[in-house]
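Have a look at target-v3.cif below; it lists mmCIF, C-alpha atoms.
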data_start
loop_
_atom_site.label_atom_id
_atom_site.label_comp_id
_atom_site.auth_asym_id
_atom_site.auth_seq_id
_atom_site.Cartn_x
_atom_site.Cartn_y
_atom_site.Cartn_z
CA MET A 1 0.62 -16.58 -34.34
CA LYS A 2 2.43 -19.13 -36.54
CA THR A 3 4.31 -16.39 -38.42
CA LEU A 4 4.79 -14.06 -35.48
CA HIS A 5 7.82 -15.63 -33.83
CA HIS A 6 9.37 -16.30 -37.24
CA HIS A 7 9.21 -12.58 -38.00
CA PHE A 8 10.80 -11.63 -34.69
CA ARG A 9 13.59 -14.21 -34.97
CA LYS A 10 14.56 -12.72 -38.32
CA LEU A 11 14.50 -9.18 -36.97
CA LEU A 12 16.37 -9.64 -33.70
CA LEU A 13 20.05 -8.86 -33.20
CA PRO A 14 21.96 -10.95 -30.65
CA ALA A 15 20.79 -9.82 -27.23
CA CYS A 16 24.23 -10.19 -25.68
CA THR A 17 25.41 -7.11 -27.61
CA THR A 18 22.71 -4.94 -26.05
CA ILE A 19 22.55 -5.76 -22.36
CA LEU A 20 25.48 -3.62 -21.15
CA LEU A 21 24.39 -0.60 -23.16
CA PHE A 22 20.85 -1.02 -21.89
CA ALA A 23 22.02 -0.97 -18.26
CA ILE A 24 23.92 2.25 -18.88
CA PHE A 25 21.06 3.70 -20.90
CA PHE A 26 18.46 3.38 -18.18
CA ALA A 27 20.71 4.36 -15.26
CA SER A 28 19.63 8.00 -15.55
CA CYS A 29 16.03 7.53 -16.69
CA LYS A 30 13.24 9.22 -14.75
CA LYS A 31 10.41 6.98 -13.55
CA ASP A 32 7.20 8.77 -12.62
CA ALA A 33 4.06 7.02 -11.43
CA VAL A 34 2.01 9.17 -13.81
CA SER A 35 3.74 11.47 -16.27
CA THR A 36 1.47 14.48 -16.43
CA SER A 37 4.00 17.21 -15.80
CA ALA A 38 7.70 17.66 -15.27
CA SER A 39 8.79 15.65 -12.26
CA THR A 40 10.22 17.28 -9.15
CA PRO A 41 12.62 15.65 -6.71
CA VAL A 42 10.95 13.94 -3.77
CA LYS A 43 12.76 14.52 -0.50
CA ALA A 44 13.22 11.43 1.64
CA ASN A 45 11.33 11.57 4.92
CA THR A 46 13.41 10.01 7.69
CA GLU A 47 10.72 10.52 10.30
CA GLN A 48 7.98 7.99 10.91
CA LEU A 49 4.46 9.00 9.90
CA THR A 50 1.32 8.45 11.91
CA GLN A 51 -1.43 6.21 10.56
CA ALA A 52 -3.55 9.29 9.86
CA GLN A 53 -0.77 10.92 7.85
CA ALA A 54 -0.11 7.78 5.82
CA SER A 55 -3.81 7.34 5.16
CA SER A 56 -4.24 10.94 4.02
CA ASP A 57 -1.21 10.77 1.71
CA ALA A 58 -2.32 7.44 0.24
CA HIS A 59 -5.83 8.62 -0.56
CA ALA A 60 -4.46 11.83 -2.10
CA TYR A 61 -2.07 9.80 -4.27
CA VAL A 62 -4.74 7.41 -5.50
CA ASN A 63 -7.22 10.19 -6.22
CA SER A 64 -4.59 12.21 -8.08
CA THR A 65 -3.57 9.20 -10.15
CA GLN A 66 -7.17 8.46 -11.11
CA ARG A 67 -7.78 12.08 -12.14
CA ASN A 68 -4.58 12.23 -14.19
CA VAL A 69 -5.41 9.01 -16.01
CA GLN A 70 -8.95 10.14 -16.77
CA THR A 71 -7.74 13.51 -18.06
CA GLN A 72 -5.15 11.96 -20.36
CA ALA A 73 -7.59 9.29 -21.57
CA ALA A 74 -9.98 12.02 -22.69
CA GLU A 75 -7.22 13.83 -24.60
CA ILE A 76 -6.06 10.63 -26.31
CA ASN A 77 -9.64 9.83 -27.30
CA LYS A 78 -9.85 13.24 -28.96
CA GLN A 79 -6.73 12.42 -30.96
CA LEU A 80 -8.26 9.10 -32.04
CA VAL A 81 -11.33 10.87 -33.36
CA LYS A 82 -9.31 13.63 -35.03
CA ALA A 83 -7.12 11.02 -36.74
CA GLY A 84 -10.22 9.40 -38.22
CA PHE A 85 -10.55 6.52 -35.79
CA ASN A 86 -13.83 6.22 -33.96
CA ALA A 87 -12.88 6.09 -30.29
CA ALA A 88 -16.02 4.22 -29.25
CA SER A 89 -15.48 1.39 -31.73
CA ALA A 90 -11.73 1.32 -31.12
CA GLN A 91 -12.16 0.78 -27.39
CA THR A 92 -14.43 -2.19 -26.99
CA ALA A 93 -14.91 -4.17 -23.84
CA SER A 94 -15.00 -7.45 -25.73
CA LEU A 95 -12.39 -8.89 -28.06
CA ASN A 96 -15.23 -10.50 -30.00
CA ALA A 97 -16.54 -7.11 -31.03
CA VAL A 98 -15.79 -5.66 -34.46
CA LYS A 99 -12.32 -4.14 -34.53
CA LEU A 100 -10.97 -1.20 -36.46
CA ASN A 101 -9.85 -2.19 -39.93
CA TYR A 102 -6.39 -0.79 -39.32
CA SER A 103 -3.15 -2.34 -38.12
CA ILE A 104 -1.40 -1.45 -34.88
CA TYR A 105 1.24 0.35 -36.93
CA THR A 106 -1.31 2.38 -38.90
CA ILE A 107 -3.13 3.54 -35.78
CA ALA A 108 0.05 4.41 -33.88
CA SER A 109 1.64 6.22 -36.82
CA HIS A 110 -1.43 8.44 -37.24
CA LEU A 111 -1.63 9.58 -33.61
CA PRO A 112 0.44 12.69 -32.65
CA ILE A 113 1.35 11.19 -29.27
CA PHE A 114 3.27 8.32 -30.89
CA LYS A 115 5.84 10.11 -33.06
CA SER A 116 8.76 8.77 -31.03
CA LEU A 117 7.31 5.28 -30.87
CA THR A 118 6.71 5.24 -34.62
CA ALA A 119 10.27 6.42 -35.28
CA ALA A 120 11.60 3.69 -32.98
CA VAL A 121 9.56 1.01 -34.72
CA ASN A 122 10.82 2.20 -38.12
CA VAL A 123 14.49 2.43 -37.21
CA THR A 124 14.50 -1.02 -35.61
CA GLY A 125 12.76 -2.70 -38.53
CA LEU A 126 9.78 -3.84 -36.48
CA SER A 127 7.16 -2.08 -38.58
CA ALA A 128 6.51 -5.16 -40.71
CA VAL A 129 5.31 -7.17 -37.74
CA LEU A 130 3.06 -4.37 -36.48
CA LYS A 131 1.54 -4.13 -39.95
CA ASP A 132 1.15 -7.89 -40.43
CA PRO A 133 -2.56 -8.84 -40.42
CA SER A 134 -1.66 -12.35 -39.22
CA SER A 135 -0.07 -10.99 -36.04
CA THR A 136 -1.93 -11.19 -32.73
CA LEU A 137 -0.18 -8.75 -30.43
CA THR A 138 -0.64 -6.56 -27.38
CA VAL A 139 1.44 -3.39 -27.46
CA PHE A 140 1.97 -1.23 -24.38
CA ALA A 141 2.66 2.03 -26.19
CA PRO A 142 4.62 4.84 -24.49
CA THR A 143 3.71 8.39 -25.44
CA ASP A 144 6.11 11.03 -26.72
CA TYR A 145 6.20 12.45 -23.20
CA ALA A 146 7.38 9.07 -21.93
CA PHE A 147 10.21 8.96 -24.47
CA ALA A 148 11.12 12.56 -23.60
CA GLN A 149 12.16 11.40 -20.12
CA LEU A 150 14.93 9.24 -21.61
CA PRO A 151 18.47 10.38 -22.43
CA ALA A 152 19.44 11.25 -26.00
CA PRO A 153 19.28 9.86 -28.62
CA PHE A 154 16.20 7.97 -27.41
CA ASN A 155 14.26 11.03 -26.26
CA ASN A 156 12.41 12.20 -29.37
CA ALA A 157 11.39 11.17 -32.86
CA ASN A 158 14.02 13.25 -34.65
CA ASN A 159 16.91 11.84 -32.61
CA ILE A 160 15.61 8.30 -32.87
CA SER A 161 15.19 8.58 -36.64
CA HIS A 162 18.86 9.49 -37.02
CA ILE A 163 20.28 6.61 -34.96
CA THR A 164 22.77 4.60 -37.04
CA ASP A 165 24.84 2.91 -34.35
CA ALA A 166 24.12 -0.84 -34.42
CA ALA A 167 24.39 -1.25 -30.64
CA GLN A 168 21.92 1.58 -30.01
CA ILE A 169 19.49 0.13 -32.53
CA ALA A 170 19.79 -3.28 -30.85
CA THR A 171 19.15 -1.67 -27.48
CA LEU A 172 16.09 0.14 -28.80
CA LYS A 173 14.79 -3.10 -30.31
CA SER A 174 15.07 -4.89 -26.96
CA ILE A 175 13.22 -2.01 -25.31
CA LEU A 176 10.39 -2.16 -27.83
CA LEU A 177 10.03 -5.94 -27.61
CA TYR A 178 9.73 -5.58 -23.84
CA HIS A 179 6.51 -3.66 -24.53
CA VAL A 180 4.91 -6.39 -26.68
CA LEU A 181 2.99 -9.56 -25.79
CA GLY A 182 2.55 -12.34 -28.33
CA SER A 183 -1.20 -12.59 -27.81
CA GLU A 184 -4.14 -10.24 -27.43
CA VAL A 185 -4.68 -9.15 -23.82
CA SER A 186 -7.38 -6.61 -23.05
CA SER A 187 -7.47 -4.64 -19.83
CA GLN A 188 -10.34 -6.89 -18.75
CA ASP A 189 -8.03 -9.91 -19.12
CA ILE A 190 -5.59 -8.47 -16.57
CA THR A 191 -6.72 -9.83 -13.23
CA LYS A 192 -7.31 -7.59 -10.25
CA GLY A 193 -4.31 -7.39 -7.94
CA ARG A 194 -0.92 -8.72 -9.02
CA SER A 195 -0.20 -10.64 -12.22
CA SER A 196 2.50 -10.95 -14.87
CA ALA A 197 3.06 -11.79 -18.54
CA GLU A 198 6.06 -12.69 -20.67
CA THR A 199 6.95 -10.31 -23.48
CA LEU A 200 8.58 -10.97 -26.86
CA LYS A 201 11.93 -9.70 -25.62
CA PRO A 202 14.48 -12.56 -25.69
CA GLN A 203 15.41 -13.63 -22.17
CA VAL A 204 18.99 -12.93 -21.11
CA ALA A 205 18.63 -13.01 -17.31
CA GLY A 206 15.84 -14.35 -15.11
CA ASN A 207 12.54 -12.51 -15.49
CA ASP A 208 14.06 -9.82 -17.71
CA ASN A 209 11.34 -10.44 -20.30
CA THR A 210 8.42 -10.28 -17.84
CA LEU A 211 5.96 -7.44 -17.19
CA TYR A 212 4.39 -7.16 -13.74
CA PHE A 213 0.88 -5.74 -13.49
CA SER A 214 -0.75 -4.07 -10.49
CA LYS A 215 -4.48 -3.62 -11.07
CA ALA A 216 -6.09 -1.60 -8.29
CA TYR A 217 -8.21 1.52 -7.75
CA GLY A 218 -9.42 1.35 -11.36
CA VAL A 219 -5.90 1.75 -12.73
CA VAL A 220 -3.46 -0.75 -14.25
CA GLY A 221 0.15 -0.18 -13.18
CA ILE A 222 3.13 -1.85 -14.86
CA ASN A 223 6.44 -2.61 -13.10
CA GLY A 224 5.65 0.03 -10.52
CA THR A 225 6.80 2.78 -12.89
CA SER A 226 4.07 3.21 -15.50
CA VAL A 227 0.27 3.23 -15.72
CA VAL A 228 -2.15 2.50 -18.55
CA LEU A 229 -3.57 5.86 -19.64
CA LEU A 230 -5.95 4.49 -22.26
CA PRO A 231 -6.66 0.76 -22.68
CA ASN A 232 -8.09 -1.38 -25.46
CA ILE A 233 -7.49 0.41 -28.74
CA ASN A 234 -8.45 -2.52 -30.94
CA ALA A 235 -6.56 -2.90 -34.21
CA ASN A 236 -7.07 -5.66 -36.78
CA ASN A 237 -3.92 -7.43 -35.56
CA GLY A 238 -3.99 -6.79 -31.84
CA ILE A 239 -4.54 -4.31 -29.04
CA ILE A 240 -2.83 -1.06 -28.06
CA HIS A 241 -2.68 0.14 -24.45
CA VAL A 242 -1.31 3.68 -24.09
CA ILE A 243 1.10 3.93 -21.14
CA SER A 244 2.72 6.80 -19.27
CA ASN A 245 6.38 5.70 -19.12
CA VAL A 246 8.86 3.67 -21.10
CA LEU A 247 9.34 0.30 -19.38
CA ALA A 248 12.84 -0.77 -18.35
CA PHE A 249 13.58 -4.46 -17.99
CA PRO A 250 15.74 -5.52 -15.01
CA THR A 251 19.43 -6.24 -15.48
CA ALA A 252 20.59 -6.90 -11.89
CA THR A 253 19.73 -9.05 -8.89
CA ILE A 254 18.65 -7.65 -5.53
CA ALA A 255 22.13 -8.37 -4.16
CA SER A 256 24.00 -6.59 -6.95
CA THR A 257 21.55 -3.68 -6.78
CA ALA A 258 22.27 -3.26 -3.07
CA ILE A 259 26.03 -3.58 -3.57
CA ALA A 260 25.94 -0.84 -6.20
CA ASN A 261 24.15 1.57 -3.83
CA ALA A 262 26.56 3.24 -1.37
CA ASP A 263 23.62 4.11 0.91
CA LEU A 264 22.97 0.38 1.46
CA SER A 265 26.50 -0.71 2.45
CA THR A 266 25.46 -1.52 6.03
CA LEU A 267 22.63 -3.69 4.74
CA VAL A 268 25.08 -5.52 2.49
CA ALA A 269 27.42 -6.12 5.45
CA ALA A 270 24.48 -7.50 7.45
CA LEU A 271 23.45 -9.83 4.63
CA VAL A 272 26.98 -11.17 4.32
CA LYS A 273 27.39 -11.62 8.09
CA THR A 274 24.14 -13.62 8.33
CA ASN A 275 24.84 -15.70 5.18
CA LEU A 276 21.73 -14.28 3.50
CA ALA A 277 23.54 -12.54 0.64
CA ASP A 278 23.43 -15.61 -1.61
CA VAL A 279 19.63 -15.78 -1.26
CA PHE A 280 19.29 -12.45 -3.02
CA ALA A 281 22.04 -13.12 -5.56
CA GLY A 282 20.18 -16.01 -7.16
CA THR A 283 16.74 -16.69 -8.53
CA GLY A 284 13.55 -15.88 -6.67
CA ASP A 285 10.63 -13.54 -6.36
CA TYR A 286 11.10 -11.27 -3.37
CA THR A 287 10.16 -7.86 -2.05
CA VAL A 288 12.92 -6.31 0.04
CA PHE A 289 12.40 -3.23 2.19
CA ALA A 290 16.00 -2.02 2.30
CA PRO A 291 17.07 0.18 5.24
CA THR A 292 19.69 2.81 4.48
CA ASN A 293 22.95 3.30 6.36
CA GLU A 294 21.24 6.16 8.20
CA ALA A 295 18.50 3.78 9.29
CA PHE A 296 20.99 1.29 10.75
CA ALA A 297 22.82 4.15 12.49
CA LYS A 298 19.75 4.63 14.72
CA LEU A 299 20.21 1.13 16.17
CA PRO A 300 22.38 0.31 19.18
CA ALA A 301 25.86 -1.17 18.65
CA PRO A 302 26.90 -3.55 17.19
CA PHE A 303 24.09 -3.26 14.63
CA ASN A 304 24.63 0.43 13.84
CA ASN A 305 27.21 0.35 11.04
CA ALA A 306 29.02 -1.94 8.64
CA ASP A 307 32.29 -2.08 10.59
CA ASN A 308 30.57 -3.13 13.81
CA ILE A 309 28.44 -5.69 12.01
CA ASN A 310 31.51 -7.14 10.29
CA ALA A 311 33.11 -7.61 13.72
CA ILE A 312 30.20 -9.54 15.29
CA THR A 313 31.15 -13.05 16.41
CA ASP A 314 28.43 -13.80 18.95
CA ALA A 315 26.04 -16.42 17.53
CA THR A 316 23.02 -14.97 19.34
CA GLN A 317 23.64 -11.51 17.90
CA ILE A 318 24.05 -12.95 14.42
CA ALA A 319 20.77 -14.85 14.79
CA THR A 320 19.02 -11.69 16.00
CA LEU A 321 20.37 -9.72 13.05
CA ALA A 322 19.30 -12.46 10.62
CA ASN A 323 15.74 -12.41 11.93
CA ILE A 324 15.60 -8.61 11.64
CA LEU A 325 16.76 -8.84 8.02
CA LYS A 326 14.18 -11.55 7.22
CA TYR A 327 11.56 -9.23 8.70
CA HIS A 328 12.24 -6.92 5.76
CA VAL A 329 11.50 -9.57 3.12
CA LEU A 330 8.29 -10.79 1.50
CA ALA A 331 8.28 -13.96 -0.60
CA ARG A 332 6.46 -12.28 -3.52
CA ARG A 333 6.83 -9.05 -5.48
CA TYR A 334 4.87 -6.06 -4.23
CA PHE A 335 5.06 -2.77 -6.09
CA GLY A 336 3.72 0.47 -4.68
CA PHE A 337 0.23 -0.04 -6.07
CA ASP A 338 0.15 -3.51 -4.46
CA LEU A 339 0.67 -2.23 -0.91
CA GLY A 340 -2.99 -1.40 -0.33
CA PHE A 341 -4.43 0.52 2.59
CA PHE A 342 -2.95 -0.88 5.81
CA ASP A 343 -2.57 -4.37 4.38
CA GLU A 344 -0.81 -6.91 6.58
CA HIS A 345 1.89 -9.13 5.06
CA THR A 346 3.78 -12.14 6.37
CA THR A 347 7.55 -11.77 6.17
CA LEU A 348 10.28 -14.43 6.27
CA ALA A 349 10.98 -13.69 9.94
CA ASP A 350 10.17 -16.11 12.75
CA ALA A 351 6.52 -16.32 13.82
CA PRO A 352 4.54 -15.00 15.56
CA ASN A 353 6.13 -11.55 15.26
CA ASN A 354 6.54 -11.69 11.50
CA LYS A 355 3.88 -9.29 10.16
CA ILE A 356 4.39 -5.87 8.61
CA THR A 357 1.79 -3.30 7.52
CA THR A 358 1.92 -1.39 4.21
CA VAL A 359 0.18 1.56 2.58
CA THR A 360 0.25 2.56 -1.08
CA GLY A 361 1.58 5.99 -2.05
CA TYR A 362 4.12 7.99 -4.02
CA PRO A 363 6.92 7.28 -4.83
CA ALA A 364 5.97 3.81 -3.56
CA GLY A 365 4.22 4.06 -0.21
CA TYR A 366 4.78 3.34 3.47
CA VAL A 367 5.68 0.38 5.67
CA LYS A 368 5.54 -0.28 9.43
CA GLY A 369 6.94 -3.00 11.68
CA ASN A 370 5.29 -4.33 14.85
CA ASN A 371 7.59 -2.33 17.11
CA ASN A 372 7.91 0.81 15.00
CA TRP A 373 5.65 3.51 16.35
CA GLY A 374 4.89 4.88 12.88
CA PHE A 375 5.19 4.30 9.14
CA SER A 376 8.42 4.65 7.15
CA TYR A 377 8.35 6.47 3.82
CA ILE A 378 9.60 4.44 0.85
CA ASN A 379 11.96 6.43 -1.39
CA PRO A 380 13.16 5.35 -3.84
CA GLY A 381 10.82 2.44 -4.44
CA ASN A 382 9.81 0.00 -7.16
CA ILE A 383 13.40 -0.85 -8.07
CA LEU A 384 12.84 -3.81 -10.38
CA CYS A 385 15.41 -6.61 -10.15
CA THR A 386 15.64 -9.96 -11.89
CA ASN A 387 14.67 -11.71 -8.65
CA GLY A 388 12.32 -9.22 -7.07
CA VAL A 389 11.75 -5.58 -6.20
CA VAL A 390 13.51 -3.27 -3.75
CA HIS A 391 11.97 -0.43 -1.71
CA VAL A 392 14.49 1.75 0.14
CA ILE A 393 13.37 2.89 3.61
CA PRO A 394 14.85 5.31 6.18
CA ASN A 395 14.16 3.19 9.28
CA VAL A 396 14.85 -0.40 10.25
CA LEU A 397 11.64 -2.39 10.69
CA MET A 398 11.44 -3.99 14.12
CA PRO A 399 9.53 -7.28 14.72
#
In structure tokens, write the structure found in this file.
Amino acid sequence: MKTLHHHFRKLLLPACTTILLFAIFFASCKKDAVSTSASTPVKANTEQLTQAQASSDAHAYVNSTQRNVQTQAAEINKQLVKAGFNAASAQTASLNAVKLNYSIYTIASHLPIFKSLTAAVNVTGLSAVLKDPSSTLTVFAPTDYAFAQLPAPFNNANNISHITDAAQIATLKSILLYHVLGSEVSSQDITKGRSSAETLKPQVAGNDNTLYFSKAYGVVGINGTSVVLLPNINANNGIIHVISNVLAFPTATIASTAIANADLSTLVAALVKTNLADVFAGTGDYTVFAPTNEAFAKLPAPFNNADNINAITDATQIATLANILKYHVLARRYFGFDLGFFDEHTTLADAPNNKITTVTGYPAGYVKGNNNWGFSYINPGNILCTNGVVHVIPNVLMP
């Protein structure tokens, strides 16, 4: 460890030159829960689902995810064996067990699924650290399929190898560092439920160097957008976990994310009217279920659109609106895999009517308020922000 941070300090370019490009870079990236085939658009469901429907969809999603992970793990194990690495000895349950006598770089560079990752490591000059026997690292390694979901020139090994633009190289370096922990963390070390860990990416904004883990149903999810396909490939200088998607670090707050989304303009007006906007523009750790403009349009006036909300002057109506908004907020981050099966959560709204019920699913799951007859479908979900996570919903939750 004593040489690790020295190596990275020498290799890093100033992060301030990369942040804007990174935001643009990931704006069009696809984010699948499990990347096993080409993704298809998911149509938003504006109707409320019954408990039976939500339960059926949730179980189907979990079962499908487990099958996909198991299938891909078997294929990756075959590649380990074919490359000359014994899969059984590479994947040990204990860090005290004998490790493979190969570096993280050597193992990754010899596996066909890591051509893009290897090219990225080479072009950014990070190969020395991944070869260094004194390093103690954990690398969450995206497959070639994961890189293929990104825009050019980051989408394949050939394009990555030919990158010469300094800003693009700096961006790629920040991306890679966001996949690396400065200590060895096995899958067994990741606690069940929700947890987090700081990466070696230099911090520019709050929590933009943090990974968020969701360990449930025998699967480890990361940031709500990727899952561990094969854990615990033990190198002589750390551990490799194969993951399904490239991880994107957050660049915006919840407030700025909502402002940038035209479908959430009524929500933004409501936050401003109730003086809650500043809460979500600063630091914190929130989950926000964000109703769309269409969702607000189902409410009676004056809560049904931004213009009417902007015109509210009655203190009682403003207080009512504020409590409804707080009913959409949890004081901790919950990604789709964290929502469970009909788990009850306490919101920031006034007690006693301050509980909501959630169900895991794809893209993120379902949520229900006390006075909603059914469950609302989350889409899109798992929008990672510097101060929390946003799940967009088609109905306003009613206390």
Each side padded by 8 Å, which centre and which edge lengths in Å (one decimal) define the axis-aligned box around the listed atoms of segment 383-391 of chain A? Give them as AutoDock Vina command-line options.
--center_x 13.7 --center_y -6.1 --center_z -6.8 --size_x 19.9 --size_y 27.3 --size_z 26.2
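Proximity to segment 68-73 of chain A at 6 Å, evaluated using all atoms listed in the file and with sequence-adjacent residues fewer than 3 positions away removed, yields A:Thr65, A:Ile76, A:Leu229, A:Leu230.
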With C-alpha atoms kept, could you save the residues just selected as a compact mmCIF listing (two decimals), in the coordinates of the input?
# COMPACT_ATOMS: atom_id res chain seq x y z
CA THR A 65 -3.57 9.20 -10.15
CA ILE A 76 -6.06 10.63 -26.31
CA LEU A 229 -3.57 5.86 -19.64
CA LEU A 230 -5.95 4.49 -22.26
Please report, as a Markdown table, each residue of segment 169-243 of chain A lying at most 10 Å from segment 148-165 of chain A, together with the nearest pair of atoms and the separation in Å rounded to one decimal; use all atoms listed in the file, and order rows by chain and ascending residue number.
| residue | atom | partner | partner_atom | distance |
| --- | --- | --- | --- | --- |
| A:Ile169 | CA | A:Asp165 | CA | 6.3 |
| A:Ala170 | CA | A:Asp165 | CA | 8.7 |
| A:Leu172 | CA | A:Phe154 | CA | 8.0 |
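Using only C-alpha atoms, the smallest distance between any of A:Thr171, A:Val242, A:Asn387, A:Tyr212 and Asn77 of chain A comes from A:Val242.
Between atom CA of Asp144 of chain A and atom CA of Lys115 of chain A there is a distance of 6.4 Å.
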Spatial neighbours of Leu80 of chain A, 10 Å, only C-alpha atoms, chain gap at least 3 places, as number ranges by chain
A: 74-77, 83-88, 90, 107-108, 110-112, 233
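Put simply, atom CA of Asn45 of chain A is 11.5 Å away from atom CA of Gly365 of chain A.
Proximity ranking of A:Gly284, A:Gly193, A:Pro394, A:Pro399 relative to Ala297 of chain A places A:Pro394 first, based on only C-alpha atoms.
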